[in-house]
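For reference, run_22.txt is printed below; it contains compact mmCIF, C-alpha atoms.
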# COMPACT_ATOMS: atom_id res chain seq x y z
CA MET A 1 117.88 -143.02 -52.43
CA PHE A 2 119.93 -145.64 -53.92
CA MET A 3 117.76 -148.45 -55.20
CA LEU A 4 117.02 -150.16 -58.45
CA ARG A 5 113.44 -151.21 -58.17
CA ARG A 6 111.73 -150.85 -61.53
CA LEU A 7 112.89 -151.00 -65.13
CA LEU A 8 111.46 -148.04 -66.97
CA ARG A 9 110.01 -148.22 -70.41
CA ILE A 10 112.53 -145.57 -71.52
CA GLY A 11 115.16 -148.22 -71.25
CA GLY A 12 116.12 -148.70 -68.12
CA LEU A 13 114.81 -147.40 -61.35
CA VAL A 14 116.19 -148.53 -62.68
CA VAL A 15 119.23 -147.47 -60.61
CA PRO A 16 118.62 -145.18 -56.99
CA PHE A 17 119.22 -142.18 -56.59
CA MET A 18 120.18 -141.28 -59.00
CA LEU A 19 118.05 -140.34 -57.08
CA ALA A 20 117.61 -138.61 -53.95
CA GLY A 21 118.85 -137.14 -54.26
CA CYS A 22 120.27 -140.01 -55.54
CA ALA A 23 121.77 -140.46 -58.87
CA SER A 24 121.19 -143.63 -60.68
CA SER A 25 120.38 -146.78 -59.02
CA PRO A 26 122.41 -149.90 -58.56
CA PRO A 27 120.84 -153.25 -58.27
CA ARG A 28 117.79 -153.90 -56.27
CA THR A 29 118.15 -153.04 -52.60
CA PRO A 30 116.89 -155.71 -50.21
CA VAL A 31 113.84 -154.72 -48.22
CA PRO A 32 114.79 -154.59 -44.52
CA THR A 33 113.20 -157.05 -42.14
CA LEU A 34 111.28 -155.40 -39.35
CA PRO A 35 112.22 -156.28 -35.79
CA PRO A 36 109.70 -158.39 -33.91
CA THR A 37 109.09 -155.99 -31.05
CA SER A 38 109.39 -152.43 -29.78
CA SER A 39 107.23 -149.46 -30.61
CA SER A 40 109.82 -146.98 -29.42
CA SER A 41 110.91 -144.23 -31.79
CA GLY A 42 114.49 -144.62 -30.58
CA ALA A 43 117.43 -145.90 -32.61
CA ILE A 44 116.39 -149.40 -33.58
CA HIS A 45 118.91 -150.53 -36.18
CA ILE A 46 117.65 -153.12 -38.63
CA GLY A 47 119.86 -155.34 -40.74
CA PRO A 48 123.52 -156.25 -40.25
CA SER A 49 125.06 -155.04 -37.02
CA GLU A 50 127.71 -152.38 -37.43
CA PRO A 51 130.90 -154.08 -38.58
CA GLY A 52 133.97 -153.89 -36.41
CA PRO A 53 137.48 -153.09 -37.64
CA SER A 54 137.82 -154.46 -41.15
CA ASP A 55 140.17 -157.35 -41.80
CA GLU A 56 139.61 -156.99 -45.53
CA PRO A 57 142.60 -156.01 -47.68
CA SER A 58 143.02 -152.45 -48.88
CA SER A 59 141.03 -151.71 -52.01
CA THR A 60 143.44 -149.03 -53.12
CA THR A 61 147.03 -150.04 -52.34
CA LEU A 62 149.61 -152.50 -53.65
CA PRO A 63 151.31 -155.08 -51.38
CA ASP A 64 154.18 -152.64 -50.78
CA GLY A 65 151.77 -149.99 -49.47
CA ARG A 66 151.87 -147.68 -52.48
CA LEU A 67 148.59 -146.66 -54.09
CA ARG A 68 147.57 -148.60 -57.14
CA PRO A 69 148.40 -146.63 -60.29
CA ASP A 70 144.73 -146.13 -61.22
CA VAL A 71 143.93 -144.90 -57.71
CA ASP A 72 146.97 -142.63 -57.65
CA ASN A 73 145.94 -141.08 -60.98
CA PHE A 74 142.41 -140.59 -59.68
CA ALA A 75 143.71 -138.88 -56.52
CA ARG A 76 146.02 -136.50 -58.38
CA ASP A 77 143.36 -135.57 -60.90
CA LEU A 78 140.77 -134.98 -58.15
CA ALA A 79 143.13 -132.83 -56.08
CA ALA A 80 144.04 -130.71 -59.08
CA ARG A 81 140.49 -130.23 -60.37
CA ARG A 82 138.97 -129.41 -56.99
CA ASP A 83 141.92 -127.66 -55.37
CA LEU A 84 142.17 -130.22 -52.57
CA PRO A 85 145.38 -130.94 -50.62
CA LEU A 86 146.96 -133.86 -52.47
CA ASP A 87 148.56 -135.36 -49.37
CA GLN A 88 145.16 -135.58 -47.65
CA VAL A 89 143.49 -137.11 -50.70
CA LEU A 90 146.26 -139.72 -50.93
CA ALA A 91 146.09 -140.49 -47.22
CA SER A 92 142.29 -140.83 -47.27
CA LEU A 93 142.38 -143.28 -50.17
CA SER A 94 145.22 -145.25 -48.60
CA GLY A 95 142.95 -145.99 -45.65
CA ALA A 96 140.07 -147.37 -47.73
CA ARG A 97 139.34 -151.09 -47.37
CA TYR A 98 137.87 -153.51 -49.86
CA SER A 99 134.42 -154.85 -48.90
CA ALA A 100 133.45 -158.24 -50.26
CA THR A 101 129.97 -157.68 -48.81
CA VAL A 102 129.52 -154.50 -50.84
CA ALA A 103 130.68 -156.30 -53.99
CA ARG A 104 128.21 -159.12 -53.34
CA LEU A 105 125.26 -156.84 -52.65
CA ILE A 106 125.78 -154.78 -55.79
CA MET A 107 125.72 -157.83 -58.05
CA PRO A 108 122.68 -158.15 -60.32
CA SER A 109 120.19 -160.97 -60.02
CA VAL A 110 121.19 -164.41 -61.25
CA PRO A 111 120.64 -164.56 -65.04
CA GLY A 112 117.63 -166.59 -66.00
CA HIS A 113 116.00 -166.27 -62.57
CA LYS A 114 112.70 -164.52 -63.17
CA VAL A 115 111.51 -162.20 -60.41
CA TRP A 116 107.84 -161.40 -60.89
CA ARG A 117 107.09 -157.78 -60.18
CA SER A 118 104.13 -157.31 -57.85
CA TRP A 119 102.87 -153.89 -56.81
CA LEU A 120 100.71 -155.31 -54.02
CA THR A 121 103.63 -157.23 -52.53
CA TYR A 122 105.93 -154.22 -52.81
CA ARG A 123 103.36 -151.91 -51.24
CA SER A 124 102.75 -154.24 -48.31
CA ARG A 125 106.42 -153.95 -47.31
CA PHE A 126 106.27 -150.18 -46.97
CA VAL A 127 102.69 -149.27 -46.17
CA GLU A 128 102.23 -151.37 -43.05
CA PRO A 129 101.24 -150.70 -39.43
CA ARG A 130 104.66 -150.42 -37.84
CA ARG A 131 106.05 -148.01 -40.42
CA ILE A 132 102.86 -145.93 -40.23
CA ARG A 133 103.10 -145.77 -36.44
CA TRP A 134 106.77 -144.79 -36.56
CA GLY A 135 105.90 -142.19 -39.18
CA ALA A 136 103.32 -140.61 -36.90
CA GLU A 137 105.85 -140.55 -34.05
CA PHE A 138 108.45 -138.95 -36.34
CA TRP A 139 105.91 -136.33 -37.44
CA ARG A 140 104.91 -135.42 -33.89
CA GLU A 141 108.54 -135.13 -32.81
CA ASN A 142 109.53 -133.03 -35.83
CA ALA A 143 106.33 -131.12 -36.58
CA ALA A 144 108.04 -127.71 -36.55
CA ALA A 145 110.70 -128.73 -39.08
CA LEU A 146 108.16 -130.46 -41.32
CA ASN A 147 105.94 -127.38 -41.28
CA GLN A 148 108.92 -125.13 -42.02
CA ALA A 149 109.94 -127.27 -44.99
CA GLN A 150 106.35 -127.37 -46.25
CA GLN A 151 106.09 -123.59 -46.16
CA ARG A 152 109.53 -122.96 -47.68
CA TYR A 153 109.49 -125.54 -50.48
CA GLY A 154 105.80 -126.20 -51.04
CA VAL A 155 106.31 -129.95 -50.47
CA PRO A 156 103.73 -131.38 -48.06
CA ALA A 157 105.03 -132.57 -44.72
CA LYS A 158 103.48 -135.97 -45.35
CA ILE A 159 105.52 -136.50 -48.55
CA ILE A 160 108.78 -135.67 -46.79
CA ALA A 161 107.84 -138.02 -43.96
CA GLY A 162 106.90 -140.68 -46.52
CA ILE A 163 110.29 -140.55 -48.23
CA ILE A 164 112.25 -140.76 -44.99
CA GLY A 165 110.03 -143.65 -43.90
CA VAL A 166 110.53 -145.63 -47.09
CA GLU A 167 114.26 -144.89 -47.25
CA THR A 168 115.38 -145.63 -43.68
CA LEU A 169 112.42 -146.39 -41.41
CA TYR A 170 112.79 -142.88 -39.96
CA GLY A 171 116.50 -143.25 -39.30
CA ARG A 172 116.39 -146.82 -38.01
CA ASN A 173 118.21 -148.35 -40.98
CA MET A 174 120.75 -145.92 -42.42
CA GLY A 175 123.45 -148.47 -43.23
CA SER A 176 126.57 -149.57 -41.39
CA PHE A 177 129.25 -149.51 -44.09
CA ARG A 178 132.05 -146.96 -44.08
CA VAL A 179 131.15 -144.88 -47.11
CA ILE A 180 134.75 -144.52 -48.25
CA ASP A 181 135.11 -148.33 -48.19
CA ALA A 182 131.88 -148.90 -50.11
CA LEU A 183 132.58 -146.27 -52.75
CA SER A 184 136.25 -147.19 -53.26
CA THR A 185 135.29 -150.86 -53.65
CA LEU A 186 132.72 -149.96 -56.31
CA ALA A 187 134.88 -147.30 -57.94
CA PHE A 188 138.03 -149.40 -58.42
CA ASP A 189 136.87 -153.03 -58.15
CA TYR A 190 133.34 -152.99 -59.53
CA PRO A 191 132.40 -156.69 -59.68
CA VAL A 192 130.74 -156.60 -63.11
CA PRO A 193 133.54 -155.97 -65.64
CA ASP A 194 131.22 -155.19 -68.53
CA LYS A 195 129.67 -152.23 -66.63
CA PRO A 196 132.39 -149.55 -66.89
CA ASP A 197 129.76 -146.83 -66.70
CA ARG A 198 128.78 -148.01 -63.23
CA ALA A 199 132.36 -147.94 -61.99
CA ALA A 200 132.77 -144.45 -63.47
CA MET A 201 129.62 -143.28 -61.69
CA PHE A 202 130.94 -144.54 -58.36
CA ARG A 203 134.30 -142.86 -58.98
CA GLY A 204 132.39 -139.61 -59.36
CA GLN A 205 130.54 -140.23 -56.10
CA LEU A 206 133.83 -141.10 -54.37
CA GLY A 207 135.32 -137.84 -55.59
CA ASP A 208 132.35 -135.94 -54.21
CA PHE A 209 132.59 -137.76 -50.88
CA LEU A 210 136.31 -136.97 -50.51
CA THR A 211 135.61 -133.34 -51.41
CA LEU A 212 132.93 -133.08 -48.73
CA ALA A 213 135.13 -134.80 -46.15
CA LEU A 214 138.22 -132.67 -46.82
CA GLN A 215 136.12 -129.51 -46.76
CA GLY A 216 134.87 -130.48 -43.31
CA ARG A 217 131.29 -131.07 -44.42
CA LEU A 218 131.34 -134.83 -43.73
CA ASP A 219 133.41 -137.05 -41.46
CA ILE A 220 135.81 -139.33 -43.35
CA ASP A 221 134.44 -142.27 -41.34
CA THR A 222 130.79 -141.52 -42.20
CA ARG A 223 128.72 -144.70 -42.51
CA GLY A 224 125.95 -145.41 -44.94
CA SER A 225 124.47 -147.98 -47.30
CA TYR A 226 126.41 -150.52 -49.33
CA ALA A 227 126.12 -148.14 -52.29
CA GLY A 228 127.33 -145.08 -50.36
CA ALA A 229 123.98 -143.44 -49.57
CA ILE A 230 124.03 -141.38 -46.38
CA GLY A 231 121.67 -140.43 -43.56
CA MET A 232 117.92 -140.50 -43.02
CA PRO A 233 117.15 -139.50 -46.63
CA GLN A 234 119.91 -141.70 -48.12
CA PHE A 235 121.54 -138.97 -50.16
CA MET A 236 124.49 -139.91 -52.33
CA PRO A 237 127.50 -137.59 -51.94
CA ARG A 238 126.66 -135.65 -55.12
CA SER A 239 123.17 -135.01 -53.86
CA ILE A 240 124.60 -133.78 -50.56
CA MET A 241 126.77 -131.33 -52.49
CA GLN A 242 123.87 -130.09 -54.58
CA TYR A 243 120.77 -130.31 -52.41
CA ALA A 244 121.56 -130.84 -48.72
CA VAL A 245 120.68 -127.91 -46.45
CA ASP A 246 120.75 -127.40 -42.71
CA SER A 247 117.75 -126.81 -40.47
CA SER A 248 117.61 -123.17 -41.62
CA GLY A 249 117.77 -124.03 -45.31
CA ASN A 250 121.43 -122.99 -45.68
CA THR A 251 124.02 -124.83 -47.77
CA GLY A 252 127.78 -125.16 -47.64
CA GLY A 253 128.46 -126.07 -44.02
CA HIS A 254 128.58 -129.32 -42.09
CA ILE A 255 125.14 -130.90 -42.55
CA ASP A 256 124.37 -133.99 -40.49
CA LEU A 257 121.72 -135.99 -42.33
CA ALA A 258 122.08 -138.93 -39.94
CA ASN A 259 121.54 -137.24 -36.58
CA ASP A 260 119.74 -133.99 -37.38
CA PRO A 261 116.14 -134.74 -38.44
CA ALA A 262 115.51 -131.07 -39.29
CA ALA A 263 118.38 -131.05 -41.77
CA ALA A 264 117.16 -134.31 -43.32
CA ILE A 265 113.63 -132.92 -43.61
CA MET A 266 114.72 -129.63 -45.16
CA SER A 267 117.07 -131.41 -47.57
CA VAL A 268 114.32 -133.69 -48.88
CA GLY A 269 112.06 -130.68 -49.37
CA ASN A 270 114.80 -128.81 -51.21
CA TYR A 271 115.57 -131.81 -53.41
CA LEU A 272 111.96 -132.24 -54.52
CA ALA A 273 111.46 -128.50 -55.04
CA GLN A 274 114.48 -128.42 -57.33
CA HIS A 275 113.21 -131.42 -59.26
CA GLY A 276 109.91 -129.96 -60.35
CA TRP A 277 107.57 -130.10 -57.34
CA VAL A 278 104.51 -127.90 -58.01
CA ARG A 279 103.04 -126.24 -54.93
CA GLY A 280 99.36 -126.98 -54.37
CA VAL A 281 99.13 -129.97 -56.74
CA PRO A 282 98.45 -133.54 -55.52
CA VAL A 283 100.65 -136.50 -56.43
CA PHE A 284 97.79 -138.20 -58.26
CA ALA A 285 94.96 -136.46 -60.10
CA PRO A 286 91.39 -137.46 -59.11
CA VAL A 287 90.67 -139.09 -62.45
CA ARG A 288 88.57 -142.06 -63.49
CA LEU A 289 90.34 -143.76 -66.39
CA PRO A 290 88.73 -145.80 -69.18
CA ALA A 291 88.28 -149.52 -68.59
CA ASP A 292 91.59 -150.42 -70.24
CA PRO A 293 94.02 -147.50 -69.98
CA SER A 294 97.12 -149.53 -70.89
CA ALA A 295 97.42 -147.80 -74.26
CA LEU A 296 97.76 -144.47 -72.45
CA VAL A 297 100.89 -145.54 -70.58
CA VAL A 298 103.92 -143.79 -72.03
CA GLY A 299 106.44 -144.64 -69.31
CA GLY A 300 109.48 -142.58 -68.52
CA LEU A 301 110.19 -139.99 -65.87
CA ALA A 302 108.22 -137.01 -67.15
CA PRO A 303 104.49 -136.45 -67.76
CA THR A 304 103.56 -135.85 -71.39
CA MET A 305 99.76 -135.60 -71.70
CA SER A 306 97.30 -132.77 -71.12
CA TRP A 307 94.01 -133.16 -69.29
CA ASP A 308 92.23 -132.35 -72.56
CA GLN A 309 94.06 -135.24 -74.26
CA LEU A 310 93.14 -137.64 -71.50
CA GLN A 311 89.49 -136.61 -71.66
CA ALA A 312 89.51 -137.19 -75.41
CA ASP A 313 90.76 -140.71 -74.67
CA GLY A 314 87.92 -141.41 -72.25
CA ALA A 315 89.20 -140.16 -68.88
CA ARG A 316 86.77 -138.35 -66.58
CA LEU A 317 86.82 -136.70 -63.18
CA ALA A 318 86.34 -139.18 -60.36
CA PRO A 319 82.92 -138.99 -58.66
CA GLY A 320 82.77 -135.98 -56.37
CA ALA A 321 86.09 -134.56 -57.64
CA GLN A 322 86.63 -131.13 -59.11
CA ALA A 323 89.10 -129.87 -61.67
CA GLY A 324 91.90 -128.05 -59.92
CA ARG A 325 95.34 -126.68 -60.57
CA TRP A 326 96.45 -130.14 -61.60
CA GLY A 327 94.31 -129.79 -64.72
CA GLN A 328 96.73 -127.18 -66.07
CA GLN A 329 99.71 -129.51 -65.65
CA ARG A 330 101.12 -132.27 -67.78
CA LEU A 331 99.95 -135.72 -66.63
CA GLY A 332 101.11 -139.30 -67.05
CA ILE A 333 99.42 -142.67 -66.59
CA VAL A 334 101.17 -144.80 -63.99
CA ASP A 335 101.01 -148.59 -64.35
CA LEU A 336 101.53 -150.73 -61.24
CA ASP A 337 102.00 -154.28 -62.46
CA GLU A 338 101.04 -157.67 -61.09
CA GLU A 339 103.15 -159.56 -63.59
CA ALA A 340 102.25 -163.08 -62.49
CA ARG A 341 98.57 -162.30 -62.98
CA GLY A 342 99.03 -160.23 -66.12
CA THR A 343 97.14 -157.33 -64.52
CA ALA A 344 97.94 -153.81 -63.34
CA GLN A 345 96.55 -150.92 -61.34
CA TYR A 346 96.55 -147.54 -63.07
CA ARG A 347 96.72 -144.03 -61.63
CA THR A 348 97.10 -140.58 -63.13
CA GLY A 349 100.35 -138.97 -62.02
CA THR A 350 100.90 -135.22 -61.85
CA PRO A 351 104.30 -133.51 -62.10
CA ASN A 352 104.66 -134.17 -58.38
CA PHE A 353 104.54 -137.93 -58.89
CA PHE A 354 107.34 -137.58 -61.41
CA ALA A 355 109.29 -135.32 -59.04
CA ILE A 356 109.37 -138.25 -56.60
CA THR A 357 110.65 -140.53 -59.36
CA GLN A 358 113.67 -138.23 -59.62
CA TYR A 359 114.48 -139.35 -56.08
CA ASN A 360 114.23 -142.98 -57.09
CA HIS A 361 113.46 -143.96 -60.68
CA SER A 362 110.68 -146.37 -59.83
CA TYR A 363 106.92 -146.06 -60.21
CA PHE A 364 106.51 -148.55 -57.36
CA TYR A 365 108.76 -146.44 -55.12
CA ALA A 366 107.02 -143.14 -55.84
CA THR A 367 103.57 -144.65 -55.33
CA ALA A 368 104.61 -146.32 -52.08
CA VAL A 369 105.93 -142.97 -50.81
CA SER A 370 102.60 -141.32 -51.61
CA ASP A 371 100.52 -144.10 -50.06
CA LEU A 372 102.65 -144.19 -46.91
CA ALA A 373 102.43 -140.39 -46.71
CA ASP A 374 98.63 -140.53 -46.81
CA ALA A 375 98.50 -143.28 -44.17
CA VAL A 376 100.82 -141.37 -41.82
CA ALA A 377 98.87 -138.14 -42.31
CA GLN A 378 95.64 -139.96 -41.42
CA GLN A 379 97.32 -141.33 -38.30
CA VAL A 380 98.51 -137.93 -37.03
CA GLY A 381 95.13 -136.31 -37.70
CA PRO A 382 94.03 -133.07 -39.31
CA ILE A 383 95.64 -130.69 -36.81
CA LEU A 384 99.22 -131.85 -37.40
CA ALA A 385 98.63 -132.74 -41.02
CA GLY A 386 97.63 -129.16 -41.69
CA SER A 387 96.65 -128.02 -45.14
CA GLY A 388 98.44 -130.85 -46.97
CA LEU A 389 99.70 -128.43 -49.60

Whole structure given in structure tokens:
Amino acid sequence: MFMLRRLLRIGGLVVPFMLAGCASSPPRTPVPTLPPTSSSSGAIHIGPSEPGPSDEPSSTTLPDGRLRPDVDNFARDLAARRDLPLDQVLASLSGARYSATVARLIMPSVPGHKVWRSWLTYRSRFVEPRRIRWGAEFWRENAAALNQAQQRYGVPAKIIAGIIGVETLYGRNMGSFRVIDALSTLAFDYPVPDKPDRAAMFRGQLGDFLTLALQGRLDIDTRGSYAGAIGMPQFMPRSIMQYAVDSSGNTGGHIDLANDPAAAIMSVGNYLAQHGWVRGVPVFAPVRLPADPSALVVGGLAPTMSWDQLQADGARLAPGAQAGRWGQQRLGIVDLDEEARGTAQYRTGTPNFFAITQYNHSYFYATAVSDLADAVAQQVGPILAGSGL
């Protein structure tokens, strides 16, 4: 969940997570390149190979081996506030290494270099045959857990599968950076000096990671993305603390989001349920909008309009559609831009669309999740897809 993919009209996706469970997103995450072969559902890791022992300098210590004063103050404050053993906090931070790769990846785009936003290009990277096929395999292998999460949280199995597919290719690309290295680099040596809020955010995530590790809920050598996102659903440490559950829906213990698909599935369901998912409502309402609905776009991460308001502005039910529970919910018009052409696609988002944007603050992201979910559900067929709550 940690990606910055779309600047919102409210002023800023764009950060990830925070989203997914994440929190706020850093700069744009590169889209992984798919491998040329293999249809296996096994562990096919995409992207940089797992790094070996780091030869980078420590990100937290002085040449004489003592912790930097700012790191030492952070450690003592964290241990006191969270009742953690100070010696273990100090030792954990002393072992963190600086990552020049993390610093490079977090850097924003080159100023003055215009990147044209294209929904169709973005969609093609996520809603494509290989990812759909892997999604169907993932669903068949984890049908019981997906059904359990659907029943418990009201989030359709296809949406949970869609998120895990967009985030990590169903566990094939979970990141190879030591999380403590990534987070300490970004917490204490954030490469953009005029972004103190970003460094502060990563210090908070580092504190949460150390808390989880010293409580035995995560391994100190856990690996993840360059921004510190972990496991199949790419949860940041704070999201793990708040929303991660095991295969039975329980919190508080050791929860393995990288190797336990059931825990990842249940955690995504729990996250969306706690961020406003409405049982029995689709992601998009079956609405035919007026010819130019651009004036109806409000932007932001929450729906603001009633169905009555939209009808007064010229919206109608799509042919063959019926008013349903979605008609009693707040709605929002979603614009999916083709900037180079000066055009856009428009859809009518329900509260469930905006629940997905709490995972990643991007209209492109949330729409890609929904479209991939529909494609995977069509691939597995009506028996596995079930009721599609």

From the list A:Val71, A:Leu214, A:Met305, A:Ala143, the nearest residue to A:Ala187 using only C-alpha atoms is A:Val71

| task | Provide the atom CA of A:Val166 to atom CA of A:Ala368 distance in Å, to one decimal place. | result |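 Taking atom CA of A:Val166 and atom CA of A:Ala368, their separation equals 7.8 Å.
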
Shortest contact to A:Ala79, candidates A:Val179, A:Ala340, A:Ile356, A:Leu210, atoms counted all atoms listed in the file, goes to A:Leu210

**Prompt:** To one decimal place, how far is atom CA of A:Tyr170 from atom CA of A:Leu257 in Å?
**Reply:**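 These atoms are spaced 11.5 Å apart.
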
Problem - Counting all atoms listed in the file, the option among A:Ala302, A:Val278, A:Ala144, A:Ile180 closest to A:Leu331 - result: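 Answer, going by the shortest atom-to-atom distance: A:Ala302.
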
Notebook entry, point to check: Which residues come within 8 Å of A:Thr350, counting all atoms listed in the file, excluding same-chain residues fewer than 5 positions away, as a VMD selection string?
Noted result: chain A and resid 281 to 285 303 326 329 to 332

Quiz item: Could you name the residues that touch A:Ala96 at 7 Å or less, counting only C-alpha atoms, but leaving out those on the same chain fewer than 3 positions away, as a ChimeraX atom specification?
Solution: /A:58-60,92-93,180-181,184

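For A:Gly320, the residues within 12 Å (counting all atoms listed in the file, excluding itself and residues fewer than 2 positions away along the chain) are Pro286, Val287, Arg288, Arg316, Leu317, Ala318, Gln322 and Ala323 of chain A.
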
Point to revise | Test item: residues at most 12 Å from A:Gly165, only C-alpha atoms, excluding those fewer than 2 positions along its chain, as number ranges by chain | key: A: 1, 32, 125-128, 130-139, 158-163, 167-174, 232-234, 264-265, 268, 365, 368-373, 375-376

task = May I ask for the distance between atom CA of A:Ser267 and atom CA of A:Ala244, given in Å to one decimal place?
result =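 Separation of atom CA of A:Ser267 and atom CA of A:Ala244: 4.7 Å.
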
How would you write as a PDB file with C-alpha atoms, in the coordinates of the input the residues that get within 10 Å of (105.7, -127.1, -55.8) in the file's frame, counting all atoms listed in the file?
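Listing of selection_4.pdb after writing:
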ATOM      1  CA  GLN A 150     106.350-127.370 -46.250  1.00  0.00           C
ATOM      2  CA  ARG A 152     109.530-122.960 -47.680  1.00  0.00           C
ATOM      3  CA  TYR A 153     109.490-125.540 -50.480  1.00  0.00           C
ATOM      4  CA  GLY A 154     105.800-126.200 -51.040  1.00  0.00           C
ATOM      5  CA  VAL A 155     106.310-129.950 -50.470  1.00  0.00           C
ATOM      6  CA  PRO A 156     103.730-131.380 -48.060  1.00  0.00           C
ATOM      7  CA  GLY A 269     112.060-130.680 -49.370  1.00  0.00           C
ATOM      8  CA  LEU A 272     111.960-132.240 -54.520  1.00  0.00           C
ATOM      9  CA  ALA A 273     111.460-128.500 -55.040  1.00  0.00           C
ATOM     10  CA  GLN A 274     114.480-128.420 -57.330  1.00  0.00           C
ATOM     11  CA  HIS A 275     113.210-131.420 -59.260  1.00  0.00           C
ATOM     12  CA  GLY A 276     109.910-129.960 -60.350  1.00  0.00           C
ATOM     13  CA  TRP A 277     107.570-130.100 -57.340  1.00  0.00           C
ATOM     14  CA  VAL A 278     104.510-127.900 -58.010  1.00  0.00           C
ATOM     15  CA  ARG A 279     103.040-126.240 -54.930  1.00  0.00           C
ATOM     16  CA  GLY A 280      99.360-126.980 -54.370  1.00  0.00           C
ATOM     17  CA  VAL A 281      99.130-129.970 -56.740  1.00  0.00           C
ATOM     18  CA  PRO A 282      98.450-133.540 -55.520  1.00  0.00           C
ATOM     19  CA  PRO A 351     104.300-133.510 -62.100  1.00  0.00           C
ATOM     20  CA  ASN A 352     104.660-134.170 -58.380  1.00  0.00           C
ATOM     21  CA  ALA A 355     109.290-135.320 -59.040  1.00  0.00           C
ATOM     22  CA  LEU A 389      99.700-128.430 -49.600  1.00  0.00           C
TER      23      LEU A 389
END
